[in-house]
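Chemist: After the structure tokens below, expect a handful of questions from me.
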Amino acid sequence: MSDTNLLCEIDKKPFSFVVAADMHYRGGTSLAEDSWPVDYSWVFPKMLDDIATLASKPKHLIVVGDLVEGYNMHPWECTPERYDSQYKHFLNDLAKLDPQITFVPVVGNHDYHRLRLENDPNKIIHVGPEKFAQYMFPKVPTIAKPQKSPYYSFNCGNIHFTIICTGLLIEEIEDGVNNADDYNDLVYDKQYKWLSTDLKKAAADPDIEHVLVFGHRNFYPMKGKKSCQRLLVIQQRIWKDLFVKYGVDAYIHGHYHVYEHTLHAHVPMLCLGGGSALDKVPDVVKDGFNHYAVFEVNGPDIKVNIFRLFKEKKSVLYESFMLLDRP
């Protein structure tokens, strides 16, 4: 398993890292929908096998949220025991990862669900955040700051990696209900202030050529999806006010189980949500395939390679592009 004590030297040597998202590991509880294995349980193990055969060993494996299934379709069944079982399954497979590759976890909504009790909707049990902290905080690179936080950053080579907690930003927040405050934290409160300081510092660092931000949620509507007021606020407060201002090179996320590459306010946005079951939305189904991305960093250039996974045959390169040249 990844040794999180490994440091990443600040130099100009070429290096690579892998990004994937939305593994949705389930556990062995008695709930029917928690059965394991499921039809996508082959995806992450095969991805790890691929990583082991890469010509150049990557520095990091970054999983951009929804490591576990968490609440599935029934939030009131999101028990501590359920999370324990799911994380143990995930960590059991993660043990295949080369110990010289640092694992970098990112919070997803399924990992961080704040349970609202069915018989007492005003009472919230913070099962998800507690379990993410228990199982994932020890895996966060020791060079990351702040420690023991769902958001953090670190430098590797000429890149500043910023990991944010998007938590429960949109769908899970009911109109008129303000009890899930991950949204307020990111766009107004402690995390916003930290993010602003973090990006400003990175922009002023002469050793940093690129700033990449990783979060689970999309900040702009995906294909076939409508926007909402909260997304519009995020676009103004985060994307334009911070990302554009401080020269963020890209935002990489998951959440939707498709591959998508778009450009917003001159900042690339990549959805890499191909780690489990696929979204079957008609207008995005052509991009609904299991996948992961290998980022190759060579000075000012960042090449992105999208690999398509198949259950019964070898993975294939779907496309390659220079991150800062398109779409």
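We label chains A, B, ... in the order they appear in the structure tokens, count residues from 1 in each chain, and number ligands from 1 in the order shown.
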Report as a PyMOL selection string all protein, DNA and RNA residues lying within 6 Å of Val64 (chain A), evaluated on only C-alpha atoms, omitting residues in the same chain fewer than 5 positions from it.
Modeler: chain A and resi 21+106+216+253
Chemist: Neighbours of Ser41 (chain A) within 9 Å (only C-alpha atoms; same-chain residues fewer than 5 positions away dropped), as a list in words?
Modeler: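 Counting only the stated atoms, we get Met23, His24, Tyr25, Arg26, Trp36 and Ser276 of chain A.
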Chemist: Taking the DSSP secondary structure from the backbone, can you list the residues of region 34-264 of chain A that are strand (DSSP E or B), as a PyMOL selection string?
Modeler: chain A and resi 60-64+68+102-106+115-116+124-125+145+152-156+159-163+210-214+250-253+259-264
Chemist: Which neighbours of Asp22 (chain A) fall inside 6 Å, counting only C-alpha atoms, when residues of the same chain fewer than 3 positions from it are skipped, and could you give them as a ChimeraX atom specification?
Modeler: /A:65-67,273,275
Chemist: Mind dumping a table of every region 40-93 of chain A residue within 10 Å of region 129-132 of chain A, with the nearest atom pair and its distance in Å to one decimal, using only C-alpha atoms, sorted by chain and rising number, as JSON lines?
Modeler:
{"residue": "A:Leu67", "atom": "CA", "partner": "A:Phe132", "partner_atom": "CA", "distance": 9.6}
{"residue": "A:Val68", "atom": "CA", "partner": "A:Phe132", "partner_atom": "CA", "distance": 9.6}
{"residue": "A:Gly70", "atom": "CA", "partner": "A:Lys131", "partner_atom": "CA", "distance": 9.9}
{"residue": "A:Pro80", "atom": "CA", "partner": "A:Lys131", "partner_atom": "CA", "distance": 7.3}
{"residue": "A:Glu81", "atom": "CA", "partner": "A:Lys131", "partner_atom": "CA", "distance": 9.9}
{"residue": "A:Tyr83", "atom": "CA", "partner": "A:Lys131", "partner_atom": "CA", "distance": 6.7}
{"residue": "A:Asp84", "atom": "CA", "partner": "A:Lys131", "partner_atom": "CA", "distance": 7.5}
{"residue": "A:Tyr87", "atom": "CA", "partner": "A:Lys131", "partner_atom": "CA", "distance": 8.6}
Chemist: Take the selection from the previous step and output its residues with N, CA and C atoms, as a compact mmCIF listing (two decimals), in the first residue's frame.
Modeler:
# COMPACT_ATOMS: atom_id res chain seq x y z
N LEU A 67 -15.12 7.03 -3.36
CA LEU A 67 -14.33 5.81 -3.20
C LEU A 67 -15.25 4.66 -2.81
N VAL A 68 -16.25 4.96 -1.96
CA VAL A 68 -17.18 3.93 -1.50
C VAL A 68 -18.61 4.34 -1.85
N GLY A 70 -21.30 4.20 0.21
CA GLY A 70 -21.95 4.96 1.26
C GLY A 70 -23.44 4.70 1.33
N PRO A 80 -22.46 3.28 10.36
CA PRO A 80 -21.01 3.14 10.51
C PRO A 80 -20.51 1.77 10.05
N GLU A 81 -21.28 0.71 10.34
CA GLU A 81 -20.87 -0.63 9.95
C GLU A 81 -20.79 -0.76 8.43
N TYR A 83 -20.16 1.68 6.25
CA TYR A 83 -18.94 2.36 5.79
C TYR A 83 -17.70 1.53 6.09
N ASP A 84 -17.65 0.94 7.29
CA ASP A 84 -16.49 0.13 7.66
C ASP A 84 -16.26 -0.98 6.64
N TYR A 87 -15.07 0.51 3.13
CA TYR A 87 -13.69 0.98 3.12
C TYR A 87 -12.70 -0.18 3.21
Chemist: Counting only C-alpha atoms, which residues of region 60-89 of chain A fall within 12 Å of region 287-304 of chain A, and what is the closest atom pair for each with its distance in Å at one decimal, ordered by chain and rising number, as a Markdown table?
Modeler:
| residue | atom | partner | partner_atom | distance |
| --- | --- | --- | --- | --- |
| A:His60 | CA | A:Val294 | CA | 10.0 |
| A:Leu61 | CA | A:Val294 | CA | 9.3 |
| A:Ile62 | CA | A:Ala293 | CA | 9.9 |
| A:Val63 | CA | A:Tyr292 | CA | 9.7 |
| A:Val64 | CA | A:Tyr292 | CA | 10.8 |
Chemist: Return as number ranges by chain the full set of residues in region 10-114 of chain A whose backbone-based DSSP assignment is helix (DSSP H, G or I).
Modeler: A: 32-34, 43-52, 75-77, 80-94
Chemist: Write a file of the selected residues as a compact mmCIF listing (two decimals), in the first residue's frame, keeping N, CA and C atoms.
Modeler:
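Here's the written file result28.txt:
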# COMPACT_ATOMS: atom_id res chain seq x y z
N ALA A 32 -29.36 -6.04 0.44
CA ALA A 32 -29.28 -6.60 -0.92
C ALA A 32 -28.48 -5.69 -1.84
N GLU A 33 -28.68 -4.37 -1.74
CA GLU A 33 -27.98 -3.46 -2.63
C GLU A 33 -26.52 -3.26 -2.26
N ASP A 34 -26.10 -3.89 -1.16
CA ASP A 34 -24.70 -3.80 -0.73
C ASP A 34 -23.91 -5.04 -1.12
N VAL A 43 -13.36 -3.13 -12.13
CA VAL A 43 -12.76 -1.95 -12.75
C VAL A 43 -11.52 -1.47 -12.00
N PHE A 44 -11.63 -1.19 -10.71
CA PHE A 44 -10.49 -0.66 -9.97
C PHE A 44 -9.32 -1.64 -9.91
N PRO A 45 -9.55 -2.94 -9.62
CA PRO A 45 -8.42 -3.89 -9.65
C PRO A 45 -7.71 -3.93 -11.00
N LYS A 46 -8.47 -3.88 -12.09
CA LYS A 46 -7.82 -3.90 -13.40
C LYS A 46 -7.06 -2.60 -13.64
N MET A 47 -7.59 -1.50 -13.16
CA MET A 47 -6.88 -0.22 -13.27
C MET A 47 -5.55 -0.29 -12.53
N LEU A 48 -5.54 -0.89 -11.35
CA LEU A 48 -4.31 -1.03 -10.58
C LEU A 48 -3.32 -1.93 -11.31
N ASP A 49 -3.83 -2.97 -11.96
CA ASP A 49 -2.95 -3.83 -12.77
C ASP A 49 -2.32 -3.03 -13.90
N ASP A 50 -3.11 -2.17 -14.55
CA ASP A 50 -2.58 -1.32 -15.61
C ASP A 50 -1.47 -0.42 -15.10
N ILE A 51 -1.72 0.20 -13.95
CA ILE A 51 -0.74 1.14 -13.38
C ILE A 51 0.59 0.43 -13.13
N ALA A 52 0.52 -0.82 -12.71
CA ALA A 52 1.73 -1.58 -12.43
C ALA A 52 2.56 -1.85 -13.68
N PRO A 75 -30.52 6.80 2.15
CA PRO A 75 -29.63 7.50 3.08
C PRO A 75 -29.75 7.04 4.53
N TRP A 76 -30.94 6.61 4.95
CA TRP A 76 -31.09 6.24 6.35
C TRP A 76 -30.38 4.93 6.68
N GLU A 77 -29.90 4.21 5.65
CA GLU A 77 -29.19 2.97 5.89
C GLU A 77 -27.68 3.18 5.90
N PRO A 80 -22.46 3.28 10.36
CA PRO A 80 -21.01 3.14 10.51
C PRO A 80 -20.51 1.77 10.05
N GLU A 81 -21.28 0.71 10.34
CA GLU A 81 -20.87 -0.63 9.95
C GLU A 81 -20.79 -0.76 8.43
N ARG A 82 -21.71 -0.11 7.76
CA ARG A 82 -21.72 -0.17 6.31
C ARG A 82 -20.48 0.50 5.73
N TYR A 83 -20.16 1.68 6.25
CA TYR A 83 -18.94 2.36 5.79
C TYR A 83 -17.70 1.53 6.09
N ASP A 84 -17.65 0.94 7.29
CA ASP A 84 -16.49 0.13 7.66
C ASP A 84 -16.26 -0.98 6.64
N SER A 85 -17.32 -1.68 6.29
CA SER A 85 -17.21 -2.79 5.35
C SER A 85 -16.76 -2.32 3.98
N GLN A 86 -17.31 -1.21 3.53
CA GLN A 86 -16.97 -0.69 2.20
C GLN A 86 -15.52 -0.23 2.13
N TYR A 87 -15.07 0.51 3.13
CA TYR A 87 -13.69 0.98 3.12
C TYR A 87 -12.70 -0.18 3.21
N LYS A 88 -13.06 -1.22 3.96
CA LYS A 88 -12.17 -2.37 4.07
C LYS A 88 -12.02 -3.07 2.71
N HIS A 89 -13.11 -3.16 1.96
CA HIS A 89 -13.03 -3.73 0.62
C HIS A 89 -12.14 -2.87 -0.28
N PHE A 90 -12.33 -1.57 -0.20
CA PHE A 90 -11.53 -0.66 -1.02
C PHE A 90 -10.04 -0.77 -0.67
N LEU A 91 -9.74 -0.73 0.61
CA LEU A 91 -8.34 -0.77 1.04
C LEU A 91 -7.70 -2.12 0.73
N ASN A 92 -8.49 -3.17 0.74
CA ASN A 92 -7.96 -4.48 0.40
C ASN A 92 -7.45 -4.51 -1.04
N ASP A 93 -8.20 -3.90 -1.97
CA ASP A 93 -7.74 -3.82 -3.35
C ASP A 93 -6.62 -2.80 -3.52
N LEU A 94 -6.71 -1.70 -2.78
CA LEU A 94 -5.68 -0.66 -2.89
C LEU A 94 -4.32 -1.19 -2.47
Chemist: Neighbours of Phe214 (chain A) within 6 Å (only C-alpha atoms; same-chain residues fewer than 6 positions away dropped), as a PDB file with C-alpha atoms, in the first residue's frame?
Modeler:
ATOM      1  CA  ILE A 163      -7.474  19.070  -3.224  1.00  0.00           C
ATOM      2  CA  TYR A 251     -10.019  21.487 -12.603  1.00  0.00           C
ATOM      3  CA  ILE A 252     -10.277  17.680 -12.533  1.00  0.00           C
ATOM      4  CA  HIS A 253     -13.382  16.026 -11.086  1.00  0.00           C
TER       5      HIS A 253
END
Chemist: Neighbours of Ala250 (chain A) within 8 Å (only C-alpha atoms; same-chain residues fewer than 5 positions away dropped), as a ChimeraX atom specification?
Modeler: /A:211-213,267-270,323
Chemist: Work out how far CA of His257 (chain A) is from CA of Cys271 (chain A), in Å to one decimal.
Modeler: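 Straight-line distance from CA of Cys271 (chain A) to CA of His257 (chain A) works out to 8.2 Å.
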